[in-house]
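Colleague: Before anything else, here's the structure in question.
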Amino acid sequence: MILKQGAPDIMFEAGVKDNYCFRCGNKNKELFYKYYASYYQKDVTYCLFCINLGRSDSLNPLYGYQTIRQQEHINYRLDFELNDIQKEASDRLADAIKNKHNLLLYAVTGAGKTEITFQGIKYARNNGLNVAFVSPRIDVVKEVYLRLADAFKGVRIDLMYSGVKSVFSNMFTVCTVHQLFNYINHYDVIIIDEVDAFPLPEEPLLMETVKRAAADDASIILMTATPTPEMKILAGKDNIVTIARRYHGHDLAIPKIVWDNTEKYIKKNKIPLKLKALLDDIAEADRKVLVFFPDIKMMQKTAVLLQEKYRRLESVYSGDTKRYEKVQLMRDGELDILLTTTILERGVTFLYLDVIVVDAHRFDSASLIQICGRVGRKPKDPTGNIWLMTTFNTSGIKKTLKVIRAFNEGRTAL
């Protein structure tokens with residue numbers, strides 16, 4: 001079922017009834033708003049959880065279409081050949097789709113997870129199965145869409161995220177998780193990239209939305225470098241595929257610890273000396289750098305301090321209206337330094353990149369592992385430098401080092 005305003009058929013007589021939203025499945029009483037509509041002389045309740053997609057309320061019906069499944073004979077092209085480990089993972093993923101069970105692909109960052117899905121996607125569409133490739137992050141969705149469009153030449157792929165809806169058939173879709181609110185029992189294959197990224201872990205209802213959008217016998221494919229116990233349970237202990245090496249075969253960069261109270265300098269409106277020394281060394285080596293901060297305020301104060309000395313510098317955060325333009329400038333080589341919050345911990349790849357994490361003691365291991373994964377992603381530049389600037393050691397920093405070393409030894413830390 002596909003819910004769509006203006007469609008000919010009524011799917012539900014009202015969007016909300018008895019504190020339940022038929023569009024997104026919300027049943028949390030705190031996420032409904034009730035008011036008295038004098039025109040109708042009755043109380044009207046609407047759902048706050050999916051309000052960004054239009055109002056679902058107790059007054060108006062939800063319109064839509066019944067699900068259609070059609071075969072589409074498609075193929076894909078890769079610019080490189082999968083290695084033996086990737087081929088085995090690709091076969092396991094395709095087998096999960098054929099046999100209609102879930103799968104967890106636990107793979108080091110930069111392992112080629114997207115390309116590993118291509119064989120399974122081809123099988124699904126050739127057999128008339130509806131496919132959704134989703135992520136919590138818009139940045140990841142946009143990058144995945146470009147890679148799929150490049151590989152599956154001539155295939156129409158829907159693209160949906162906040163403010164963008166390019167829909168052809170609802171049979172092969174790339175979208176953010178929130179866009180699944182409008183689908184019920186529709187997708188036979190749902191691939192979730194960066195399944196542990198915000199806001200999925202913080203909003204359990206979003207994973208329920210994924211399950212609701214999935215057909216009764218669907219395959220849900222979970223992909224991440226930092227799995228949670230809940231993901232392992234959803235996949236099943238026999239349905240976990242691990243990849244401990246990147247496709248180019250090089251080790252992951254191991255972070256270096258820099259002991260420093262960076263915040264002390266920033267509060268005094270001074271450039272932290274050790275941060276300046278690192279930036280100067282990176283510039284001397286003709287490399288680029290992402291500098292991660294734990295909060296926007298600290299990042300913005302540092303940006304003001306650094307901009308006088310470093311001209312090819314910008315900063316980005318989730319609410320930055322020029323966020324995507326700045327990221328593209330970094331890709332195009334127009335910037336040398338990009339200050340950022342955790343918004344860029346996933347879904348971005350830059351050549352000749354180093355990484356600095358300011359106040360690393362304020363980050364958890366999942367974020368640090370993803371941040372470290374920005375370095376050395378391409379065969380042209382398979383290594384790089386990572387510095388964790390911290391006032392003291394933490395369990396998150398220790399776990400990050402343990403996980404990265406485990407990957408480099410060819411094992412995972414499950």
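Note on naming: chains are A, B, ... as they come in the structure tokens, residues start from 1 per chain, ligands start from 1 in the order shown.
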Taking 3 positions as the minimum chain separation for residues in the same chain, which residues sit within 9 Å of Leu48 in chain A when counting only C-alpha atoms? Answer as a PyMOL selection string.

Modeller: chain A and resi 26+30-33+51-52+55-56

Colleague: Within 9 Å of Leu305 in chain A, counting only C-alpha atoms, which residues show up once you throw out same-chain ones fewer than 5 positions away? Write them as a short mmCIF file (atom, residue, chain, number, x, y, z; two decimals) with N, CA and C atoms, in the first residue's frame, please.

Modeller:
```cif
data_model
loop_
_atom_site.label_atom_id
_atom_site.label_comp_id
_atom_site.auth_asym_id
_atom_site.auth_seq_id
_atom_site.Cartn_x
_atom_site.Cartn_y
_atom_site.Cartn_z
N ILE A 266 40.03 27.93 23.60
CA ILE A 266 38.90 28.48 22.84
C ILE A 266 38.09 29.44 23.70
N ASN A 269 39.43 32.75 23.66
CA ASN A 269 39.54 33.31 22.29
C ASN A 269 40.96 33.23 21.75
N LYS A 270 41.61 32.10 22.05
CA LYS A 270 42.94 31.85 21.53
C LYS A 270 42.94 30.57 20.70
N ILE A 271 43.76 30.55 19.64
CA ILE A 271 43.89 29.34 18.85
C ILE A 271 44.67 28.31 19.66
N GLN A 300 31.93 27.04 16.02
CA GLN A 300 31.81 28.38 15.45
C GLN A 300 32.82 29.35 16.06
#
```

Colleague: Could you pull out all residues of range 257-347 of chain A with a DSSP call of helix (DSSP H, G or I) and give them as a PyMOL selection string?

Modeller: chain A and resi 262-267+273-284+296-307+323-331+342-344

Colleague: When distances are computed from only C-alpha atoms, which of A:Ser367, A:Thr67, A:Thr226, A:Asn261 shows the smallest separation from Gly396 in chain A?

Modeller: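 Closest to Gly396 in chain A, using only C-alpha atoms: A:Ser367.
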
Colleague: Just want the 10 Å neighbourhood of range 7-9 of chain A, counted on only C-alpha atoms, with same-chain residues fewer than 5 positions away dropped. Output as a PyMOL selection string.

Modeller: chain A and resi 2+61-66

Colleague: Can you tell me which residues surround Val134 in chain A at a distance of at most 12 Å, considering only C-alpha atoms, apart from same-chain residues fewer than 2 positions away, and format the answer as a VMD selection string?

Modeller: chain A and resid 114 131 to 132 136 to 145 158 to 161 172 to 180 187 189 to 195 197 200 206 to 207 209 to 210 213 220 to 223

Colleague: Could the residues in this selection be saved with C-alpha atoms as a JSON list (two decimals), in the first residue's frame?

Modeller:
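Printed below is result_11.json as written:
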```json
[["chain", "number", "residue", "atom", "x", "y", "z"],
["A", 114, "THR", "CA", 27.03, -0.38, -1.43],
["A", 131, "VAL", "CA", 13.41, -2.56, -3.34],
["A", 132, "ALA", "CA", 14.12, 0.34, -0.97],
["A", 136, "PRO", "CA", 18.78, 8.02, 8.25],
["A", 137, "ARG", "CA", 21.14, 10.62, 6.72],
["A", 138, "ILE", "CA", 20.41, 12.77, 3.64],
["A", 139, "ASP", "CA", 24.16, 12.91, 2.86],
["A", 140, "VAL", "CA", 24.30, 9.12, 2.66],
["A", 141, "VAL", "CA", 21.10, 8.92, 0.60],
["A", 142, "LYS", "CA", 22.44, 11.35, -2.00],
["A", 143, "GLU", "CA", 25.78, 9.54, -2.32],
["A", 144, "VAL", "CA", 24.13, 6.10, -2.54],
["A", 145, "TYR", "CA", 21.74, 7.35, -5.21],
["A", 158, "ASP", "CA", 13.14, 6.96, -7.17],
["A", 159, "LEU", "CA", 14.87, 9.52, -4.93],
["A", 160, "MET", "CA", 13.15, 10.93, -1.85],
["A", 161, "TYR", "CA", 14.30, 13.02, 1.07],
["A", 172, "PHE", "CA", 13.20, 0.84, -6.77],
["A", 173, "THR", "CA", 13.60, 3.62, -4.21],
["A", 174, "VAL", "CA", 16.45, 5.42, -2.49],
["A", 175, "CYS", "CA", 15.23, 7.52, 0.43],
["A", 176, "THR", "CA", 15.58, 8.60, 4.04],
["A", 177, "VAL", "CA", 13.86, 6.42, 6.62],
["A", 178, "HIS", "CA", 11.18, 9.03, 7.28],
["A", 179, "GLN", "CA", 9.94, 8.71, 3.69],
["A", 180, "LEU", "CA", 8.81, 5.15, 4.47],
["A", 187, "TYR", "CA", 8.83, -3.29, -0.07],
["A", 189, "VAL", "CA", 13.74, -5.80, 0.18],
["A", 190, "ILE", "CA", 14.77, -2.95, 2.47],
["A", 191, "ILE", "CA", 18.50, -2.21, 2.68],
["A", 192, "ILE", "CA", 19.42, 0.13, 5.53],
["A", 193, "ASP", "CA", 22.83, 1.77, 5.22],
["A", 194, "GLU", "CA", 24.34, 3.28, 8.39],
["A", 195, "VAL", "CA", 21.55, 1.68, 10.40],
["A", 197, "ALA", "CA", 23.11, 6.61, 12.58],
["A", 200, "LEU", "CA", 17.36, 5.62, 14.16],
["A", 206, "LEU", "CA", 11.51, 4.62, 12.99],
["A", 207, "MET", "CA", 12.59, 0.98, 12.99],
["A", 209, "THR", "CA", 8.26, 2.21, 10.36],
["A", 210, "VAL", "CA", 10.80, 0.15, 8.42],
["A", 213, "ALA", "CA", 6.87, -0.68, 5.11],
["A", 220, "ILE", "CA", 15.70, -6.44, 5.77],
["A", 221, "ILE", "CA", 19.44, -5.95, 5.14],
["A", 222, "LEU", "CA", 21.27, -4.03, 7.88],
["A", 223, "MET", "CA", 24.66, -2.49, 7.03]]
```
